[in-house]
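The next block is model23.pdb, given as PDB, C-alpha atoms and all ligand atoms.
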```pdb
MODEL        1
ATOM      1  CA  MET A  14       0.000   0.000   0.000
ATOM      2  CA  ARG A  15       1.403   3.410  -0.989
ATOM      3  CA  THR A  16       1.225   5.641   2.052
ATOM      4  CA  LEU A  17       0.986   9.420   2.204
ATOM      5  CA  LYS A  18       4.584   9.351   3.426
ATOM      6  CA  THR A  19       5.700   7.759   0.141
ATOM      7  CA  TYR A  20       4.136  10.605  -1.814
ATOM      8  CA  LEU A  21       5.590  13.274   0.453
ATOM      9  CA  SER A  22       9.108  11.886   0.414
ATOM     10  CA  LYS A  23       9.460  11.626  -3.364
ATOM     11  CA  LYS A  24      10.776  14.507  -5.432
ATOM     12  CA  ASP A  25       9.618  15.479  -8.929
ATOM     13  CA  ILE A  26      11.664  17.577 -11.325
ATOM     14  CA  LEU A  27       9.148  19.339 -13.536
ATOM     15  CA  SER A  28      11.223  22.494 -13.906
ATOM     16  CA  ILE A  29      14.495  23.997 -12.651
ATOM     17  CA  GLN A  30      12.207  25.683 -10.122
ATOM     18  CA  ASP A  31      12.084  22.312  -8.319
ATOM     19  CA  LEU A  32      15.818  22.479  -7.584
ATOM     20  CA  ASP A  33      17.591  24.882  -5.255
ATOM     21  CA  ALA A  34      21.056  26.234  -6.035
ATOM     22  CA  LYS A  35      22.773  23.638  -3.827
ATOM     23  CA  GLU A  36      20.998  20.780  -5.579
ATOM     24  CA  ILE A  37      21.881  22.179  -9.009
ATOM     25  CA  HIS A  38      25.567  22.363  -8.082
ATOM     26  CA  SER A  39      25.488  18.841  -6.579
ATOM     27  CA  ILE A  40      23.953  17.449  -9.781
ATOM     28  CA  LEU A  41      26.606  19.189 -11.879
ATOM     29  CA  ASP A  42      29.397  17.897  -9.619
ATOM     30  CA  LEU A  43      28.143  14.318  -9.766
ATOM     31  CA  ALA A  44      27.527  14.574 -13.530
ATOM     32  CA  TYR A  45      31.099  15.710 -14.031
ATOM     33  CA  LYS A  46      32.396  12.762 -11.937
ATOM     34  CA  LEU A  47      30.255  10.279 -13.863
ATOM     35  CA  LYS A  48      31.436  11.771 -17.152
ATOM     36  CA  LYS A  49      35.113  11.446 -16.203
ATOM     37  CA  SER A  50      34.627   7.877 -15.025
ATOM     38  CA  LEU A  51      32.763   6.918 -18.216
ATOM     39  CA  HIS A  52      35.444   8.489 -20.409
ATOM     40  CA  GLN A  53      38.172   6.691 -18.467
ATOM     41  CA  SER A  54      36.520   3.313 -18.727
ATOM     42  CA  LYS A  55      35.838   3.837 -22.439
ATOM     43  CA  LYS A  56      39.505   4.663 -22.940
ATOM     44  CA  LYS A  57      40.541   1.505 -21.090
ATOM     45  CA  GLY A  58      37.900  -0.520 -22.898
ATOM     46  CA  THR A  59      36.314  -1.582 -19.601
ATOM     47  CA  ARG A  60      32.798  -1.179 -18.203
ATOM     48  CA  PRO A  61      32.230   1.115 -15.186
ATOM     49  CA  LEU A  62      32.216  -1.137 -12.121
ATOM     50  CA  SER A  63      29.579   0.601 -10.090
ATOM     51  CA  GLN A  64      25.928  -0.181 -10.815
ATOM     52  CA  PRO A  65      24.161   2.128  -8.354
ATOM     53  CA  LEU A  66      20.729   1.677  -9.954
ATOM     54  CA  LYS A  67      20.825  -2.102 -10.304
ATOM     55  CA  GLY A  68      17.268  -3.440 -10.186
ATOM     56  CA  LYS A  69      15.668  -0.028 -10.799
ATOM     57  CA  VAL A  70      13.442   0.642 -13.807
ATOM     58  CA  LEU A  71      12.684   3.978 -15.449
ATOM     59  CA  GLY A  72       9.511   4.355 -17.560
ATOM     60  CA  MET A  73       9.715   6.914 -20.367
ATOM     61  CA  ILE A  74       6.438   8.317 -21.728
ATOM     62  CA  PHE A  75       6.719  10.196 -25.020
ATOM     63  CA  GLN A  76       3.824  12.204 -26.481
ATOM     64  CA  LYS A  77       6.327  13.840 -28.880
ATOM     65  CA  PRO A  78       9.365  12.635 -30.854
ATOM     66  CA  SER A  79      12.867  12.802 -29.395
ATOM     67  CA  THR A  80      16.419  11.823 -30.267
ATOM     68  CA  ARG A  81      18.637  13.086 -27.440
ATOM     69  CA  THR A  82      16.243  12.777 -24.501
ATOM     70  CA  ARG A  83      15.130   9.247 -25.269
ATOM     71  CA  ILE A  84      18.542   7.802 -26.029
ATOM     72  CA  SER A  85      20.418   9.558 -23.230
ATOM     73  CA  PHE A  86      17.904   8.471 -20.582
ATOM     74  CA  GLU A  87      17.810   4.914 -21.882
ATOM     75  CA  VAL A  88      21.584   4.552 -22.163
ATOM     76  CA  GLY A  89      22.034   6.358 -18.844
ATOM     77  CA  MET A  90      19.885   3.795 -17.034
ATOM     78  CA  TYR A  91      21.790   0.900 -18.630
ATOM     79  CA  GLN A  92      25.125   2.438 -17.656
ATOM     80  CA  LEU A  93      23.941   2.772 -14.050
ATOM     81  CA  GLY A  94      22.939  -0.881 -13.960
ATOM     82  CA  GLY A  95      19.180  -0.318 -14.298
ATOM     83  CA  ASP A  96      16.631  -0.646 -17.094
ATOM     84  CA  ALA A  97      14.443   1.713 -19.097
ATOM     85  CA  VAL A  98      11.068   1.072 -20.727
ATOM     86  CA  TYR A  99       9.992   3.240 -23.668
ATOM     87  CA  LEU A 100       6.271   4.059 -23.626
ATOM     88  CA  SER A 101       4.979   5.826 -26.687
ATOM     89  CA  THR A 102       1.573   7.330 -25.873
ATOM     90  CA  ASN A 103       0.247   5.633 -29.016
ATOM     91  CA  ASP A 104       0.998   2.243 -27.506
ATOM     92  CA  ILE A 105      -0.484   2.741 -24.056
ATOM     93  CA  GLN A 106      -4.062   3.424 -22.970
ATOM     94  CA  LEU A 107      -3.408   7.168 -22.687
ATOM     95  CA  SER A 108      -4.091   7.191 -26.436
ATOM     96  CA  ARG A 109      -7.582   5.815 -25.759
ATOM     97  CA  GLY A 110      -8.404   8.355 -23.102
ATOM     98  CA  GLU A 111      -7.142   6.739 -19.894
ATOM     99  CA  SER A 112      -6.424   9.642 -17.568
ATOM    100  CA  MET A 113      -2.973  10.864 -16.536
ATOM    101  CA  GLU A 114      -4.034  10.123 -12.944
ATOM    102  CA  ASP A 115      -4.842   6.461 -13.590
ATOM    103  CA  THR A 116      -1.681   6.150 -15.693
ATOM    104  CA  GLY A 117       0.431   7.610 -12.879
ATOM    105  CA  HIS A 118      -1.146   5.294 -10.280
ATOM    106  CA  THR A 119      -0.632   2.237 -12.470
ATOM    107  CA  LEU A 120       2.932   2.968 -13.587
ATOM    108  CA  SER A 121       3.989   3.627  -9.987
ATOM    109  CA  LEU A 122       3.134  -0.006  -9.189
ATOM    110  CA  TYR A 123       5.851  -1.242 -11.549
ATOM    111  CA  LEU A 124       8.428   1.502 -11.968
ATOM    112  CA  ASP A 125      10.951   3.297  -9.758
ATOM    113  CA  CYS A 126      10.926   6.573 -11.705
ATOM    114  CA  ILE A 127       8.981   8.089 -14.614
ATOM    115  CA  MET A 128      10.216  10.496 -17.251
ATOM    116  CA  ALA A 129       7.632  12.067 -19.561
ATOM    117  CA  ARG A 130       7.698  14.359 -22.591
ATOM    118  CA  VAL A 131       4.316  16.028 -22.975
ATOM    119  CA  TYR A 132       2.624  18.809 -24.906
ATOM    120  CA  ASP A 133       0.748  20.451 -22.085
ATOM    121  CA  HIS A 134       2.661  21.139 -18.878
ATOM    122  CA  SER A 135      -0.488  20.434 -16.848
ATOM    123  CA  ASP A 136      -0.289  16.809 -18.063
ATOM    124  CA  ILE A 137       3.045  16.251 -16.354
ATOM    125  CA  GLN A 138       1.785  18.005 -13.227
ATOM    126  CA  ARG A 139      -1.166  15.600 -13.137
ATOM    127  CA  LEU A 140       1.137  12.639 -13.720
ATOM    128  CA  ALA A 141       3.446  13.776 -10.910
ATOM    129  CA  ARG A 142       0.564  14.310  -8.485
ATOM    130  CA  SER A 143      -0.780  10.816  -9.071
ATOM    131  CA  SER A 144       2.553   8.943  -9.102
ATOM    132  CA  SER A 145       4.212   7.718  -5.944
ATOM    133  CA  VAL A 146       7.589   7.530  -7.708
ATOM    134  CA  PRO A 147       9.633  10.553  -8.855
ATOM    135  CA  VAL A 148       8.571  12.164 -12.142
ATOM    136  CA  ILE A 149      11.021  13.986 -14.434
ATOM    137  CA  ASN A 150       9.957  16.404 -17.148
ATOM    138  CA  GLY A 151      11.653  15.410 -20.414
ATOM    139  CA  LEU A 152      10.162  18.558 -22.045
ATOM    140  CA  SER A 153       6.763  20.198 -21.878
ATOM    141  CA  ASP A 154       5.438  23.320 -23.575
ATOM    142  CA  LEU A 155       6.719  25.320 -20.582
ATOM    143  CA  PHE A 156       9.950  23.744 -19.348
ATOM    144  CA  HIS A 157      12.935  21.547 -20.242
ATOM    145  CA  PRO A 158      14.933  21.122 -17.020
ATOM    146  CA  CYS A 159      17.222  18.285 -18.193
ATOM    147  CA  GLN A 160      18.361  20.390 -21.135
ATOM    148  CA  VAL A 161      19.208  23.270 -18.847
ATOM    149  CA  LEU A 162      21.209  21.110 -16.432
ATOM    150  CA  ALA A 163      23.241  19.947 -19.453
ATOM    151  CA  ASP A 164      23.633  23.559 -20.577
ATOM    152  CA  LEU A 165      24.930  24.629 -17.167
ATOM    153  CA  LEU A 166      27.413  21.743 -17.097
ATOM    154  CA  THR A 167      28.617  22.690 -20.587
ATOM    155  CA  ILE A 168      29.037  26.348 -19.648
ATOM    156  CA  ARG A 169      30.914  25.373 -16.479
ATOM    157  CA  GLU A 170      33.255  23.111 -18.443
ATOM    158  CA  TYR A 171      34.060  25.768 -21.042
ATOM    159  CA  LYS A 172      34.214  28.795 -18.733
ATOM    160  CA  LYS A 173      35.422  27.067 -15.530
ATOM    161  CA  LYS A 174      32.771  28.917 -13.555
ATOM    162  CA  LEU A 175      29.128  29.982 -13.686
ATOM    163  CA  LYS A 176      28.731  32.974 -11.380
ATOM    164  CA  GLY A 177      29.385  36.303 -13.049
ATOM    165  CA  LEU A 178      28.996  35.100 -16.651
ATOM    166  CA  THR A 179      26.581  36.544 -19.214
ATOM    167  CA  VAL A 180      24.321  34.342 -21.357
ATOM    168  CA  ALA A 181      22.511  35.821 -24.370
ATOM    169  CA  TRP A 182      19.341  34.047 -25.502
ATOM    170  CA  ILE A 183      18.303  34.969 -29.040
ATOM    171  CA  GLY A 184      14.890  34.045 -30.503
ATOM    172  CA  ASP A 185      11.820  32.354 -29.083
ATOM    173  CA  GLY A 186      11.106  32.767 -25.362
ATOM    174  CA  ASP A 187      10.217  29.077 -25.193
ATOM    175  CA  ASN A 188      10.417  26.084 -22.825
ATOM    176  CA  VAL A 189      14.232  25.944 -22.904
ATOM    177  CA  CYS A 190      14.485  29.704 -22.394
ATOM    178  CA  ASN A 191      12.131  29.525 -19.388
ATOM    179  CA  ASP A 192      14.191  26.970 -17.505
ATOM    180  CA  LEU A 193      17.464  28.575 -18.600
ATOM    181  CA  MET A 194      16.336  31.847 -16.995
ATOM    182  CA  LEU A 195      15.691  29.965 -13.748
ATOM    183  CA  GLY A 196      18.968  28.025 -14.040
ATOM    184  CA  CYS A 197      21.025  31.140 -14.745
ATOM    185  CA  ALA A 198      19.330  33.044 -11.942
ATOM    186  CA  LYS A 199      20.080  30.294  -9.412
ATOM    187  CA  THR A 200      23.726  29.977 -10.430
ATOM    188  CA  GLY A 201      24.510  33.703 -10.512
ATOM    189  CA  ILE A 202      24.585  34.086 -14.306
ATOM    190  CA  ARG A 203      23.323  37.264 -15.953
ATOM    191  CA  MET A 204      20.911  36.360 -18.748
ATOM    192  CA  VAL A 205      19.719  38.680 -21.480
ATOM    193  CA  VAL A 206      16.807  37.394 -23.549
ATOM    194  CA  ALA A 207      16.269  38.978 -26.978
ATOM    195  CA  CYS A 208      12.923  38.090 -28.522
ATOM    196  CA  PRO A 209      10.067  39.691 -30.456
ATOM    197  CA  LYS A 210       7.343  41.103 -28.177
ATOM    198  CA  GLN A 211       4.824  38.360 -28.971
ATOM    199  CA  TYR A 212       7.336  35.588 -28.184
ATOM    200  CA  ARG A 213       8.487  36.842 -24.782
ATOM    201  CA  PRO A 214       8.729  34.225 -22.040
ATOM    202  CA  PRO A 215       5.623  34.231 -19.796
ATOM    203  CA  ASP A 216       5.570  37.120 -17.276
ATOM    204  CA  GLU A 217       5.085  34.742 -14.352
ATOM    205  CA  ILE A 218       8.275  32.840 -15.199
ATOM    206  CA  VAL A 219      10.245  36.061 -15.747
ATOM    207  CA  ARG A 220       9.006  37.179 -12.321
ATOM    208  CA  LEU A 221      10.152  33.898 -10.682
ATOM    209  CA  ALA A 222      13.548  34.074 -12.396
ATOM    210  CA  THR A 223      14.000  37.725 -11.445
ATOM    211  CA  LYS A 224      13.188  36.918  -7.817
ATOM    212  CA  ALA A 225      15.760  34.090  -7.823
ATOM    213  CA  SER A 226      18.325  36.281  -9.593
ATOM    214  CA  GLU A 227      18.092  38.850  -6.796
ATOM    215  CA  LEU A 228      18.850  36.127  -4.265
ATOM    216  CA  TYR A 229      21.902  34.788  -6.118
ATOM    217  CA  GLY A 230      23.394  38.026  -7.450
ATOM    218  CA  ALA A 231      22.311  37.457 -11.046
ATOM    219  CA  GLU A 232      20.145  39.513 -13.400
ATOM    220  CA  ILE A 233      17.454  38.752 -15.995
ATOM    221  CA  THR A 234      16.862  41.266 -18.780
ATOM    222  CA  ILE A 235      14.375  41.053 -21.645
ATOM    223  CA  THR A 236      14.940  43.092 -24.781
ATOM    224  CA  GLU A 237      13.759  43.051 -28.371
ATOM    225  CA  ASP A 238      17.242  43.799 -29.651
ATOM    226  CA  PRO A 239      19.554  40.791 -30.320
ATOM    227  CA  THR A 240      22.604  43.068 -30.546
ATOM    228  CA  VAL A 241      21.984  44.306 -26.995
ATOM    229  CA  ALA A 242      21.819  40.710 -25.781
ATOM    230  CA  ALA A 243      24.885  39.483 -27.669
ATOM    231  CA  LYS A 244      27.112  42.396 -26.656
ATOM    232  CA  ASP A 245      30.001  41.069 -24.518
ATOM    233  CA  ALA A 246      28.193  37.806 -23.826
ATOM    234  CA  ASP A 247      30.162  34.727 -22.724
ATOM    235  CA  VAL A 248      27.563  32.414 -24.229
ATOM    236  CA  VAL A 249      25.186  32.971 -27.143
ATOM    237  CA  THR A 250      22.365  30.488 -27.334
ATOM    238  CA  THR A 251      19.204  29.919 -29.318
ATOM    239  CA  ASP A 252      16.585  27.303 -30.198
ATOM    240  CA  THR A 253      14.335  26.471 -33.105
ATOM    241  CA  PHE A 254      11.791  29.146 -34.064
ATOM    242  CA  VAL A 255       9.177  26.393 -34.435
ATOM    243  CA  SER A 256       8.937  24.128 -31.397
ATOM    244  CA  ILE A 257       7.251  20.720 -31.607
ATOM    245  CA  GLY A 258       3.504  21.268 -31.816
ATOM    246  CA  LYS A 259       3.798  24.766 -33.299
ATOM    247  CA  GLU A 260       4.252  23.603 -36.907
ATOM    248  CA  GLU A 261       1.062  25.368 -38.046
ATOM    249  CA  GLU A 262       2.622  28.693 -37.016
ATOM    250  CA  ARG A 263       5.755  28.115 -39.117
ATOM    251  CA  THR A 264       5.079  30.797 -41.747
ATOM    252  CA  SER A 265       4.194  33.574 -39.338
ATOM    253  CA  ARG A 266       6.979  32.634 -36.942
ATOM    254  CA  GLU A 267       9.628  32.653 -39.669
ATOM    255  CA  ALA A 268       8.356  36.013 -40.892
ATOM    256  CA  THR A 269       8.698  37.453 -37.387
ATOM    257  CA  PHE A 270      12.060  35.947 -36.427
ATOM    258  CA  LEU A 271      13.921  36.248 -39.720
ATOM    259  CA  PRO A 272      16.307  37.778 -40.432
ATOM    260  CA  ARG A 273      16.661  39.768 -37.193
ATOM    261  CA  TYR A 274      16.867  36.910 -34.680
ATOM    262  CA  GLN A 275      19.252  34.639 -36.567
ATOM    263  CA  VAL A 276      22.548  33.881 -34.830
ATOM    264  CA  ASN A 277      25.191  34.487 -37.489
ATOM    265  CA  SER A 278      28.851  35.449 -37.458
ATOM    266  CA  GLU A 279      27.981  39.167 -37.402
ATOM    267  CA  LEU A 280      26.026  38.703 -34.182
ATOM    268  CA  MET A 281      28.712  36.425 -32.682
ATOM    269  CA  LYS A 282      31.296  39.192 -33.296
ATOM    270  CA  LEU A 283      29.491  41.327 -30.709
ATOM    271  CA  ALA A 284      29.997  38.696 -28.021
ATOM    272  CA  LYS A 285      33.277  38.207 -26.143
ATOM    273  CA  GLN A 286      36.117  36.919 -28.267
ATOM    274  CA  ASP A 287      36.064  33.551 -26.508
ATOM    275  CA  ALA A 288      32.274  33.306 -26.469
ATOM    276  CA  ILE A 289      30.718  29.931 -27.146
ATOM    277  CA  PHE A 290      27.593  29.130 -29.148
ATOM    278  CA  MET A 291      25.014  26.728 -27.742
ATOM    279  CA  HIS A 292      21.817  25.141 -29.057
ATOM    280  CA  CYS A 293      19.745  22.355 -27.467
ATOM    281  CA  LEU A 294      19.206  20.738 -30.920
ATOM    282  CA  PRO A 295      17.614  19.807 -33.239
ATOM    283  CA  ALA A 296      18.758  22.858 -35.218
ATOM    284  CA  LYS A 297      17.617  24.281 -38.519
ATOM    285  CA  ARG A 298      20.712  25.653 -40.236
ATOM    286  CA  GLY A 299      19.963  28.847 -42.157
ATOM    287  CA  GLN A 300      17.096  29.702 -39.809
ATOM    288  CA  GLU A 301      17.867  30.356 -36.133
ATOM    289  CA  VAL A 302      21.597  29.796 -36.758
ATOM    290  CA  THR A 303      23.915  29.813 -39.735
ATOM    291  CA  SER A 304      26.098  26.794 -40.558
ATOM    292  CA  ASP A 305      29.331  28.705 -40.057
ATOM    293  CA  VAL A 306      28.346  29.374 -36.425
ATOM    294  CA  ILE A 307      26.891  26.010 -35.398
ATOM    295  CA  ASP A 308      29.614  24.092 -37.233
ATOM    296  CA  GLY A 309      32.319  26.605 -36.368
ATOM    297  CA  LYS A 310      35.053  26.863 -33.731
ATOM    298  CA  ALA A 311      32.893  28.545 -31.097
ATOM    299  CA  SER A 312      30.204  25.895 -31.185
ATOM    300  CA  ALA A 313      29.734  23.783 -28.045
ATOM    301  CA  VAL A 314      26.658  21.936 -29.273
ATOM    302  CA  TRP A 315      28.106  18.411 -29.295
ATOM    303  CA  ASP A 316      29.442  18.689 -25.752
ATOM    304  CA  GLU A 317      26.062  20.121 -24.796
ATOM    305  CA  ALA A 318      24.279  17.127 -26.343
ATOM    306  CA  GLU A 319      26.680  14.668 -24.694
ATOM    307  CA  ASN A 320      26.158  16.325 -21.323
ATOM    308  CA  ARG A 321      22.476  15.388 -21.418
ATOM    309  CA  LEU A 322      23.608  11.852 -20.620
ATOM    310  CA  HIS A 323      25.779  12.809 -17.667
ATOM    311  CA  VAL A 324      23.406  15.250 -15.938
ATOM    312  CA  GLN A 325      20.466  12.894 -16.321
ATOM    313  CA  LYS A 326      22.477  10.033 -14.808
ATOM    314  CA  ALA A 327      23.245  12.311 -11.848
ATOM    315  CA  LEU A 328      19.584  13.309 -11.582
ATOM    316  CA  LEU A 329      18.433   9.669 -11.694
ATOM    317  CA  CYS A 330      20.923   8.794  -8.938
ATOM    318  CA  MET A 331      19.626  11.657  -6.819
ATOM    319  CA  LEU A 332      15.937  10.855  -7.315
ATOM    320  CA  MET A 333      16.296   7.106  -6.861
ATOM    321  CA  LYS A 334      18.612   7.624  -3.894
ATOM    322  CA  ALA A 335      21.456   5.614  -5.407
ATOM    323  CA  ARG A 336      24.280   4.557  -3.117
ATOM    324  CA  LEU A 337      27.368   5.825  -4.908
TER
HETATM  325  N1  LIG B 401      17.362  18.724 -26.984
HETATM  326  C1  LIG B 401      16.450  17.741 -26.971
HETATM  327  O1  LIG B 401      15.660  17.603 -26.029
HETATM  328  O2  LIG B 401      16.503  16.915 -28.049
HETATM  329  P1  LIG B 401      15.434  15.805 -28.442
HETATM  330  O3  LIG B 401      14.165  16.518 -28.813
HETATM  331  O4  LIG B 401      16.056  15.082 -29.584
HETATM  332  O5  LIG B 401      15.211  14.923 -27.254
HETATM  333  N1  LIG B 402      11.786  24.277 -27.971
HETATM  334  C1  LIG B 402      11.997  23.019 -28.615
HETATM  335  C2  LIG B 402      13.038  22.241 -27.900
HETATM  336  C3  LIG B 402      13.395  20.927 -28.536
HETATM  337  C4  LIG B 402      14.383  20.157 -27.747
HETATM  338  C5  LIG B 402      10.684  22.245 -28.666
HETATM  339  O1  LIG B 402       9.911  22.330 -27.710
HETATM  340  O2  LIG B 402      10.425  21.599 -29.679
ENDMDL
END
```

Just give me the structure as structure tokens.
Amino acid sequence: MRTLKTYLSKKDILSIQDLDAKEIHSILDLAYKLKKSLHQSKKKGTRPLSQPLKGKVLGMIFQKPSTRTRISFEVGMYQLGGDAVYLSTNDIQLSRGESMEDTGHTLSLYLDCIMARVYDHSDIQRLARSSSVPVINGLSDLFHPCQVLADLLTIREYKKKLKGLTVAWIGDGDNVCNDLMLGCAKTGIRMVVACPKQYRPPDEIVRLATKASELYGAEITITEDPTVAAKDADVVTTDTFVSIGKEEERTSREATFLPRYQVNSELMKLAKQDAIFMHCLPAKRGQEVTSDVIDGKASAVWDEAENRLHVQKALLCMLMKARL
């Protein structure tokens, strides 16, 4: 019988808002350790000895397609000694109208943790409320916390610090931008978001990020001018103009974002000389970013994609209380 205590003691990560600064730094530290150990064992041709999640099973619900999130979670569980089960919504009763609540109750009987990628953020909130095991958001219309943990690890690796840096976000004030504002605020990074008025991040999230930024000595600024954002930035980052589910808005979105919000070499020149370019991927070359930037020297996108694996392994260890 699942008791109230079980529900109260589990932690869900639906947004970076669910992590305090100390937890973010601990996840990054553990992710870095796991990364080093994986690289070392790959070099030696051996398998990592420790299997801290042996016997644990992660269920992964996908309402939307994914390359990085699916594979990195699945491989991450295997590397930690556990298992992962892929659950496309088309193949489970959610597709026939079973509620998120009944799905959460049922899956909690078999699984030790659930990761879900959903359209509507309220779906993952309902899943989390009805599950007695931890629930991780693998992307919703509002947030993408795993991406942002990977972004912070990447920035820390390249810049050897987080506090005091400046991140410029160019383009859509979307799910990644929302969590990045919260992540930057909590780690002392100044973030300047440049986006057209109608694609600003939601006021409520800007307010939360601003409140956190005051606590951690950071700053969140919203502007319409990409050159203001890019000026002297340590990191320039962007995302697709057309997120999954917004395909019908493609024409109007492209008309609004292009050419002003494209990250190209002219814009990168405004940033610091050693600035890096980041993108959560998938990218559309020639739209939000030009090929010479994303495939150029300043690009950190492959390390960023790799770091999804390491931060998620750290997160899974934390949520499933792995003995390391
Ligand atoms: N960045 C990211 O979440 O990629 P996928 O959509 O491929 O999972
Ligand atoms: N904003 C994008 C991120 C993809 C990883 C989307 O929601 O499709």

Requested in this report: Could you give me, as a ChimeraX atom specification, every polymer residue with an atom at most 9 Å away from an atom of ligand LIG 402 (chain B), counting only C-alpha atoms and all ligand atoms?
Outcome: /A:77,79-82,132,152-157,160,185-190,252-259,293-296

With C-alpha atoms retained, write the just-selected residues as a PDB file, in the coordinates of the input.
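Just written: out.pdb:
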```pdb
ATOM      1  CA  LYS A  77       6.327  13.840 -28.880  1.00  0.00           C
ATOM      2  CA  SER A  79      12.867  12.802 -29.395  1.00  0.00           C
ATOM      3  CA  THR A  80      16.419  11.823 -30.267  1.00  0.00           C
ATOM      4  CA  ARG A  81      18.637  13.086 -27.440  1.00  0.00           C
ATOM      5  CA  THR A  82      16.243  12.777 -24.501  1.00  0.00           C
ATOM      6  CA  TYR A 132       2.624  18.809 -24.906  1.00  0.00           C
ATOM      7  CA  LEU A 152      10.162  18.558 -22.045  1.00  0.00           C
ATOM      8  CA  SER A 153       6.763  20.198 -21.878  1.00  0.00           C
ATOM      9  CA  ASP A 154       5.438  23.320 -23.575  1.00  0.00           C
ATOM     10  CA  LEU A 155       6.719  25.320 -20.582  1.00  0.00           C
ATOM     11  CA  PHE A 156       9.950  23.744 -19.348  1.00  0.00           C
ATOM     12  CA  HIS A 157      12.935  21.547 -20.242  1.00  0.00           C
ATOM     13  CA  GLN A 160      18.361  20.390 -21.135  1.00  0.00           C
ATOM     14  CA  ASP A 185      11.820  32.354 -29.083  1.00  0.00           C
ATOM     15  CA  GLY A 186      11.106  32.767 -25.362  1.00  0.00           C
ATOM     16  CA  ASP A 187      10.217  29.077 -25.193  1.00  0.00           C
ATOM     17  CA  ASN A 188      10.417  26.084 -22.825  1.00  0.00           C
ATOM     18  CA  VAL A 189      14.232  25.944 -22.904  1.00  0.00           C
ATOM     19  CA  CYS A 190      14.485  29.704 -22.394  1.00  0.00           C
ATOM     20  CA  ASP A 252      16.585  27.303 -30.198  1.00  0.00           C
ATOM     21  CA  THR A 253      14.335  26.471 -33.105  1.00  0.00           C
ATOM     22  CA  PHE A 254      11.791  29.146 -34.064  1.00  0.00           C
ATOM     23  CA  VAL A 255       9.177  26.393 -34.435  1.00  0.00           C
ATOM     24  CA  SER A 256       8.937  24.128 -31.397  1.00  0.00           C
ATOM     25  CA  ILE A 257       7.251  20.720 -31.607  1.00  0.00           C
ATOM     26  CA  GLY A 258       3.504  21.268 -31.816  1.00  0.00           C
ATOM     27  CA  LYS A 259       3.798  24.766 -33.299  1.00  0.00           C
ATOM     28  CA  CYS A 293      19.745  22.355 -27.467  1.00  0.00           C
ATOM     29  CA  LEU A 294      19.206  20.738 -30.920  1.00  0.00           C
ATOM     30  CA  PRO A 295      17.614  19.807 -33.239  1.00  0.00           C
ATOM     31  CA  ALA A 296      18.758  22.858 -35.218  1.00  0.00           C
TER      32      ALA A 296
END
```

Extract, using all atoms listed in the file, all DNA, RNA and protein residues at most 10 Å from A:Glu319, discarding same-chain residues fewer than 3 positions from it, and format them as a short mmCIF file (atom, residue, chain, number, x, y, z; two decimals) with C-alpha atoms, in the frame of the given file.
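Final file, out_15.cif:
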```cif
data_model
loop_
_atom_site.label_atom_id
_atom_site.label_comp_id
_atom_site.auth_asym_id
_atom_site.auth_seq_id
_atom_site.Cartn_x
_atom_site.Cartn_y
_atom_site.Cartn_z
CA LYS A 48 31.44 11.77 -17.15
CA ARG A 81 18.64 13.09 -27.44
CA SER A 85 20.42 9.56 -23.23
CA ALA A 163 23.24 19.95 -19.45
CA THR A 167 28.62 22.69 -20.59
CA VAL A 314 26.66 21.94 -29.27
CA TRP A 315 28.11 18.41 -29.30
CA ASP A 316 29.44 18.69 -25.75
CA LEU A 322 23.61 11.85 -20.62
CA HIS A 323 25.78 12.81 -17.67
CA VAL A 324 23.41 15.25 -15.94
#
```

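Minimum atom-to-atom distance to ligand LIG 401 (chain B), evaluated using all atoms listed in the file, belongs to A:Ala318 out of A:Leu43, A:Ala222, A:Ala181, A:Ala318.
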
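The space between atom CA of A:Gly309 and atom CA of A:Phe290 spans 9.0 Å.
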
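One distance worth recording is that between atom CA of A:Asp31 and atom CA of A:Gln211, which is 27.1 Å.
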
List as a PDB file with C-alpha atoms, keeping the file's coordinate frame the protein and nucleic acid residues near A:Gln30, meaning an atom at most 8 Å away when all atoms listed in the file are counted, but skip any in the same chain fewer than 3 places from it.
```
ATOM      1  CA  LEU A  27       9.148  19.339 -13.536  1.00  0.00           C
ATOM      2  CA  ASP A  33      17.591  24.882  -5.255  1.00  0.00           C
ATOM      3  CA  ASP A 192      14.191  26.970 -17.505  1.00  0.00           C
ATOM      4  CA  LEU A 195      15.691  29.965 -13.748  1.00  0.00           C
TER       5      LEU A 195
END
```

Requested in this report: Give me the residues within 10 Å of A:Met331 as a ChimeraX atom specification, counting all atoms listed in the file and dropping any in the same chain fewer than 3 places off.
Outcome: /A:24,36,39-40,43,325-328,334-337

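Distances to ligand LIG 401 (chain B) were evaluated for A:Gly184, A:Pro78, A:Gly201, A:Gly117 using only C-alpha atoms and all ligand atoms, and the minimum falls at A:Pro78.
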
**Report entry** Distance query A:Val205 at most 9 Å, all atoms listed in the file, self and fewer than 5 positions along chain excluded, as a list of chain:residue names
**Finding:** A:Thr179, A:Val180, A:Ala181, A:Trp182, A:Ile183, A:Met194, A:Glu232, A:Ile233, A:Thr234, A:Ile235, A:Thr236, A:Val241, A:Ala242, A:Ala243, A:Ala246

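Comparing the minimum interatomic distances between A:Tyr212 and each of A:Ser112, A:Ala313, A:Val248, A:Ser265, counting all atoms listed in the file, we find that A:Ser265 sits nearest.
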
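For the set A:His292, A:Arg60, A:Arg266, A:Lys55, the residue with the smallest atom-to-atom gap to ligand LIG 401 (chain B) is A:His292, counting all atoms listed in the file.
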
Requested in this report: Please evaluate the PyMOL selection byres (((chain A and resi 67-74) around 7) and not hetatm) against the structure above and give the resulting residues as a PyMOL selection string.
Outcome: chain A and resi 64-66+75-76+93-102+124-130

Report summary line: From the list A:His134, A:Lys176, A:Arg139, A:Arg83, the nearest residue to ligand LIG 401 (chain B) using all atoms listed in the file is A:Arg83
